[in-house]
>>> print(open('start.pdb').read())   # PDB, C-alpha atoms
ATOM      1  CA  MET A   1     211.901 191.397 105.559
ATOM      2  CA  LYS A   2     208.248 192.285 105.032
ATOM      3  CA  PHE A   3     207.586 188.794 103.643
ATOM      4  CA  LEU A   4     209.125 187.184 106.736
ATOM      5  CA  TYR A   5     206.993 189.371 108.999
ATOM      6  CA  ILE A   6     203.793 188.447 107.149
ATOM      7  CA  SER A   7     204.747 184.760 107.246
ATOM      8  CA  PHE A   8     205.356 185.009 111.006
ATOM      9  CA  VAL A   9     201.983 186.688 111.580
ATOM     10  CA  LEU A  10     200.131 184.107 109.475
ATOM     11  CA  THR A  11     201.874 181.255 111.286
ATOM     12  CA  PHE A  12     200.935 182.756 114.643
ATOM     13  CA  VAL A  13     197.299 183.153 113.577
ATOM     14  CA  VAL A  14     197.121 179.531 112.353
ATOM     15  CA  ILE A  15     198.619 178.253 115.612
ATOM     16  CA  ALA A  16     196.236 180.389 117.672
ATOM     17  CA  ILE A  17     193.174 179.200 115.744
ATOM     18  CA  SER A  18     194.320 175.568 115.933
ATOM     19  CA  GLY A  19     194.796 175.903 119.689
ATOM     20  CA  LEU A  20     191.323 177.392 120.077
ATOM     21  CA  ILE A  21     189.752 174.568 118.063
ATOM     22  CA  LEU A  22     191.572 171.937 120.143
ATOM     23  CA  LYS A  23     190.410 173.657 123.336
ATOM     24  CA  VAL A  24     186.792 173.648 122.156
ATOM     25  CA  LYS A  25     187.071 169.969 121.199
ATOM     26  CA  ALA A  26     188.535 169.093 124.600
ATOM     27  CA  GLU A  27     185.613 170.800 126.334
ATOM     28  CA  THR A  28     182.951 169.138 124.163
ATOM     29  CA  GLU A  29     181.447 166.029 125.750
ATOM     30  CA  THR A  30     181.212 162.973 123.492
ATOM     31  CA  GLN A  31     178.405 160.466 123.908
ATOM     32  CA  LYS A  32     179.649 157.614 126.083
ATOM     33  CA  TYR A  33     179.945 154.059 124.810
ATOM     34  CA  GLU A  34     181.976 150.908 125.464
ATOM     35  CA  THR A  35     183.961 149.323 122.639
ATOM     36  CA  ILE A  36     183.274 145.593 122.475
ATOM     37  CA  TYR A  37     185.248 144.759 119.339
ATOM     38  CA  ARG A  38     187.455 146.688 116.922
ATOM     39  CA  GLU A  39     189.059 145.787 113.614
ATOM     40  CA  GLY A  40     190.410 148.579 111.440
ATOM     41  CA  ASN A  41     187.756 151.269 111.091
ATOM     42  CA  PHE A  42     184.979 148.887 112.229
ATOM     43  CA  GLU A  43     183.693 148.726 115.824
ATOM     44  CA  ILE A  44     180.991 147.025 117.834
ATOM     45  CA  ARG A  45     179.847 149.152 120.772
ATOM     46  CA  TYR A  46     177.545 149.185 123.755
ATOM     47  CA  TYR A  47     175.641 152.438 124.239
ATOM     48  CA  PRO A  48     174.022 153.062 127.636
ATOM     49  CA  VAL A  49     170.906 155.205 128.074
ATOM     50  CA  ALA A  50     171.279 158.787 126.844
ATOM     51  CA  ILE A  51     168.972 161.809 126.767
ATOM     52  CA  MET A  52     168.304 163.170 123.295
ATOM     53  CA  ALA A  53     166.553 166.048 121.605
ATOM     54  CA  THR A  54     165.186 164.938 118.221
ATOM     55  CA  VAL A  55     163.428 166.570 115.297
ATOM     56  CA  ASN A  56     161.777 164.665 112.428
ATOM     57  CA  MET A  57     161.857 166.083 108.898
ATOM     58  CA  ASN A  58     161.034 165.422 105.270
ATOM     59  CA  GLY A  59     163.177 166.247 102.261
ATOM     60  CA  SER A  60     166.674 165.511 101.026
ATOM     61  CA  TYR A  61     169.656 164.748 103.230
ATOM     62  CA  ASP A  62     171.140 168.223 102.768
ATOM     63  CA  ASP A  63     167.838 170.029 103.382
ATOM     64  CA  SER A  64     167.096 167.938 106.478
ATOM     65  CA  ARG A  65     170.618 168.375 107.820
ATOM     66  CA  ASN A  66     170.476 172.157 107.633
ATOM     67  CA  SER A  67     166.914 172.650 108.875
ATOM     68  CA  GLY A  68     167.262 170.074 111.645
ATOM     69  CA  PHE A  69     170.481 171.601 112.918
ATOM     70  CA  ARG A  70     168.951 175.095 113.027
ATOM     71  CA  ILE A  71     165.984 173.878 115.066
ATOM     72  CA  LEU A  72     168.031 171.891 117.581
ATOM     73  CA  ALA A  73     170.745 174.544 117.875
ATOM     74  CA  GLY A  74     168.031 177.078 118.675
ATOM     75  CA  TYR A  75     166.895 174.891 121.566
ATOM     76  CA  ILE A  76     170.311 174.475 123.200
ATOM     77  CA  PHE A  77     171.277 178.112 122.629
ATOM     78  CA  GLY A  78     168.377 179.278 124.782
ATOM     79  CA  GLY A  79     165.313 178.680 122.625
ATOM     80  CA  ASN A  80     163.399 177.111 125.506
ATOM     81  CA  LYS A  81     160.862 178.369 128.041
ATOM     82  CA  GLU A  82     163.512 178.589 130.751
ATOM     83  CA  ASN A  83     165.919 180.548 128.478
ATOM     84  CA  GLU A  84     168.593 178.058 129.550
ATOM     85  CA  LYS A  85     171.685 177.439 127.445
ATOM     86  CA  ILE A  86     172.779 173.820 127.080
ATOM     87  CA  ALA A  87     176.325 172.712 126.261
ATOM     88  CA  MET A  88     176.884 171.307 122.783
ATOM     89  CA  THR A  89     177.971 167.657 122.659
ATOM     90  CA  SER A  90     179.029 165.263 119.927
ATOM     91  CA  PRO A  91     178.101 163.522 117.789
ATOM     92  CA  VAL A  92     175.131 164.969 115.935
ATOM     93  CA  ARG A  93     173.102 161.920 114.925
ATOM     94  CA  MET A  94     171.056 161.753 111.734
ATOM     95  CA  GLY A  95     168.803 158.886 110.735
ATOM     96  CA  THR A  96     167.095 158.120 107.434
ATOM     97  CA  GLU A  97     163.959 155.998 107.238
ATOM     98  CA  ASP A  98     161.201 155.447 104.667
ATOM     99  CA  SER A  99     158.977 157.830 106.640
ATOM    100  CA  GLY A 100     161.562 160.641 106.568
ATOM    101  CA  ASN A 101     164.726 161.883 108.224
ATOM    102  CA  SER A 102     165.556 162.657 111.835
ATOM    103  CA  MET A 103     168.319 164.550 113.614
ATOM    104  CA  SER A 104     169.260 164.220 117.273
ATOM    105  CA  PHE A 105     171.479 166.109 119.683
ATOM    106  CA  VAL A 106     172.720 164.067 122.635
ATOM    107  CA  LEU A 107     172.224 166.203 125.745
ATOM    108  CA  PRO A 108     174.970 166.450 128.422
ATOM    109  CA  SER A 109     175.188 163.430 130.730
ATOM    110  CA  ASN A 110     174.812 165.563 133.869
ATOM    111  CA  MET A 111     171.269 166.596 132.903
ATOM    112  CA  GLU A 112     168.191 164.870 134.354
ATOM    113  CA  PHE A 113     165.333 163.909 132.070
ATOM    114  CA  ASP A 114     162.645 165.177 134.451
ATOM    115  CA  ASN A 115     164.306 168.603 134.675
ATOM    116  CA  LEU A 116     165.023 169.376 131.035
ATOM    117  CA  PRO A 117     164.271 172.845 129.649
ATOM    118  CA  THR A 118     160.989 172.862 127.705
ATOM    119  CA  PRO A 119     161.506 173.484 123.948
ATOM    120  CA  GLU A 120     159.745 176.471 122.438
ATOM    121  CA  ASN A 121     159.654 174.658 119.095
ATOM    122  CA  GLU A 122     157.002 171.931 119.212
ATOM    123  CA  LYS A 123     158.866 169.904 116.575
ATOM    124  CA  ILE A 124     161.530 168.984 119.146
ATOM    125  CA  ILE A 125     160.992 165.680 120.955
ATOM    126  CA  LEU A 126     162.862 165.029 124.213
ATOM    127  CA  HIS A 127     163.368 161.347 124.971
ATOM    128  CA  GLN A 128     165.683 158.749 126.476
ATOM    129  CA  SER A 129     167.364 156.255 124.197
ATOM    130  CA  GLN A 130     167.377 152.549 124.950
ATOM    131  CA  PRO A 131     170.640 150.794 125.858
ATOM    132  CA  VAL A 132     171.811 149.094 122.659
ATOM    133  CA  TYR A 133     174.629 147.264 120.971
ATOM    134  CA  ALA A 134     175.557 148.819 117.653
ATOM    135  CA  ALA A 135     178.130 148.534 114.892
ATOM    136  CA  ALA A 136     179.913 151.494 113.321
ATOM    137  CA  VAL A 137     182.342 152.208 110.529
ATOM    138  CA  ARG A 138     184.467 155.326 110.846
ATOM    139  CA  TYR A 139     185.934 157.600 108.163
ATOM    140  CA  GLY A 140     187.392 161.080 107.797
ATOM    141  CA  GLY A 141     187.027 164.198 105.672
ATOM    142  CA  TYR A 142     183.890 166.064 104.677
ATOM    143  CA  THR A 143     180.967 163.814 103.841
ATOM    144  CA  ASN A 144     177.866 163.777 101.660
ATOM    145  CA  GLU A 145     174.910 161.520 100.960
ATOM    146  CA  ARG A 146     176.803 159.432  98.388
ATOM    147  CA  GLU A 147     179.708 158.840 100.778
ATOM    148  CA  ILE A 148     177.304 157.833 103.551
ATOM    149  CA  GLU A 149     175.673 155.271 101.260
ATOM    150  CA  LYS A 150     179.098 153.928 100.339
ATOM    151  CA  LYS A 151     180.054 153.479 104.009
ATOM    152  CA  LYS A 152     176.678 151.923 104.745
ATOM    153  CA  ALA A 153     177.382 149.253 102.111
ATOM    154  CA  GLU A 154     180.854 148.733 103.606
ATOM    155  CA  LEU A 155     179.336 148.275 107.062
ATOM    156  CA  VAL A 156     176.766 145.767 105.779
ATOM    157  CA  GLU A 157     179.504 143.741 104.086
ATOM    158  CA  VAL A 158     181.462 143.459 107.349
ATOM    159  CA  LEU A 159     178.365 142.504 109.344
ATOM    160  CA  LYS A 160     177.430 139.790 106.858
ATOM    161  CA  GLY A 161     180.978 138.447 107.048
ATOM    162  CA  LEU A 162     180.587 138.202 110.840
ATOM    163  CA  ASN A 163     177.098 136.609 110.523
ATOM    164  CA  LEU A 164     175.559 139.402 112.612
ATOM    165  CA  GLU A 165     171.948 140.518 112.322
ATOM    166  CA  TYR A 166     171.452 144.251 111.986
ATOM    167  CA  ASP A 167     168.608 146.742 112.000
ATOM    168  CA  ARG A 168     167.476 148.401 108.754
ATOM    169  CA  ASN A 169     167.595 151.955 110.081
ATOM    170  CA  PHE A 170     171.112 153.348 109.725
ATOM    171  CA  GLU A 171     172.399 156.562 111.293
ATOM    172  CA  TYR A 172     175.066 159.039 110.323
ATOM    173  CA  LEU A 173     177.144 160.435 113.220
ATOM    174  CA  GLY A 174     179.071 163.675 112.728
ATOM    175  CA  TYR A 175     181.585 164.816 115.326
ATOM    176  CA  ASN A 176     182.940 168.076 113.899
ATOM    177  CA  ALA A 177     181.962 171.676 113.367
ATOM    178  CA  PRO A 178     182.029 172.862 109.718
ATOM    179  CA  TYR A 179     185.179 174.910 110.360
ATOM    180  CA  ASP A 180     187.217 171.864 111.462
ATOM    181  CA  MET A 181     189.527 171.337 108.517
ATOM    182  CA  ILE A 182     191.582 168.375 109.772
ATOM    183  CA  ASN A 183     191.023 165.196 111.798
ATOM    184  CA  ARG A 184     187.352 165.097 110.893
ATOM    185  CA  ARG A 185     185.383 162.152 112.245
ATOM    186  CA  ASN A 186     182.327 160.631 110.576
ATOM    187  CA  GLU A 187     180.576 157.345 111.287
ATOM    188  CA  VAL A 188     177.763 155.238 109.920
ATOM    189  CA  LEU A 189     176.095 153.231 112.666
ATOM    190  CA  VAL A 190     173.415 150.564 112.914
ATOM    191  CA  GLU A 191     171.902 148.747 115.891
ATOM    192  CA  LEU A 192     172.466 145.006 116.405
ATOM    193  CA  PRO A 193     169.225 143.495 117.772
ATOM    194  CA  GLY A 194     169.751 140.367 119.864
ATOM    195  CA  PHE A 195     173.526 140.810 119.938
ATOM    196  CA  ASN A 196     175.197 138.622 122.593
ATOM    197  CA  PRO A 197     178.759 139.788 123.380
ATOM    198  CA  GLU A 198     179.830 136.477 124.932
ATOM    199  CA  LEU A 199     178.612 134.385 121.997
ATOM    200  CA  PHE A 200     180.280 136.822 119.615
ATOM    201  CA  LYS A 201     183.632 136.628 121.448
ATOM    202  CA  ASN A 202     183.462 132.837 121.353
ATOM    203  CA  SER A 203     182.701 132.843 117.627
ATOM    204  CA  ILE A 204     185.644 135.167 116.938
ATOM    205  CA  ALA A 205     187.952 132.969 119.014
ATOM    206  CA  VAL A 206     187.316 129.892 116.868
ATOM    207  CA  ARG A 207     187.822 131.672 113.519
TER     208      ARG A 207
END
>>> encode(input="start.pdb", output="structure tokens")
Amino acid sequence: MKFLYISFVLTFVVIAISGLILKVKAETETQKYETIYREGNFEIRYYPVAIMATVNMNGSYDDSRNSGFRILAGYIFGGNKENEKIAMTSPVRMGTEDSGNSMSFVLPSNMEFDNLPTPENEKIILHQSQPVYAAAVRYGGYTNEREIEKKKAELVEVLKGLNLEYDRNFEYLGYNAPYDMINRRNEVLVELPGFNPELFKNSIAVR
């Protein structure tokens, strides 16, 4: 009898936590984009202008990920001159270039660039992204630097097969909090300079 009671309590706790996580996910705004083409876990997208908070860093992927997140989280949790809290969105975007790493939070779409809270940390850069076409490959689970490199190679292989030019600066997009155990969403993304959606659709049609 005691075992059944404990099992019931544990089941209730799991259901309650799962419901809370789903509620938080439902309330979290995801950066808007339009899907142009999809095949399996590969997509071509159009991203309109978005407002971002970015910090540039040096060091390994893991070091940059942790330090960058702390700095940006401090900003949206009230670490600004107006003491204003900003809603968390997804994904967290992380780029790796020869000059170092960067991490960006996409700010809520209802915010205006000219009225953004001023960061207390001078490392934070507020800016508007350019509208771009980009390609992404999606995968699940927890990720690491080796897995990101593997997915980057997979993305390049698909793009070469489609005869599409791509930028050399790839980004990792993470959509989940660390405590999300299931249905995790990761992406590796790269911009497609000069991409023409109509020419691409025509080329796909004749394959």
>>> atom_distance(input="start.pdb", atom1="atom CA of Ile44 of chain A", atom2="atom CA of Tyr133 of chain A")
7.1 Å
>>> residues_around(input="start.pdb", residues="segment 176-183 of chain A", least_positions_apart="6", cutoff="8 Å", atoms="all atoms listed in the file", output="JSON, numbers by chain")
{"A": [21, 90, 91, 140, 141]}
>>> resolve_selection(input="start.pdb", expression="the PyMOL selection byres ((chain A and resi 149-151) around 9)", output="number ranges by chain")
A: 137-139, 144-148, 152-156, 187-188
>>> resolve_selection(input="start.pdb", expression="the PyMOL selection byres ((chain A and resi 60-77) around 7)", output="PyMOL selection string")
chain A and resi 55+57-59+78-80+85-87+101+103+119+145
>>> closest_residue(input="start.pdb", among="A:Phe195, A:Tyr172, A:Tyr142, A:Phe113", to="Ala50 of chain A", atoms="all atoms listed in the file")
A:Phe113
>>> resolve_selection(input="start.pdb", expression="the PyMOL selection byres ((chain A and resi 132) around 8)", output="list in words")
Tyr46, Tyr47, Pro48, Gln130, Pro131, Tyr133, Ala134, Glu191, Leu192 and Pro193 of chain A
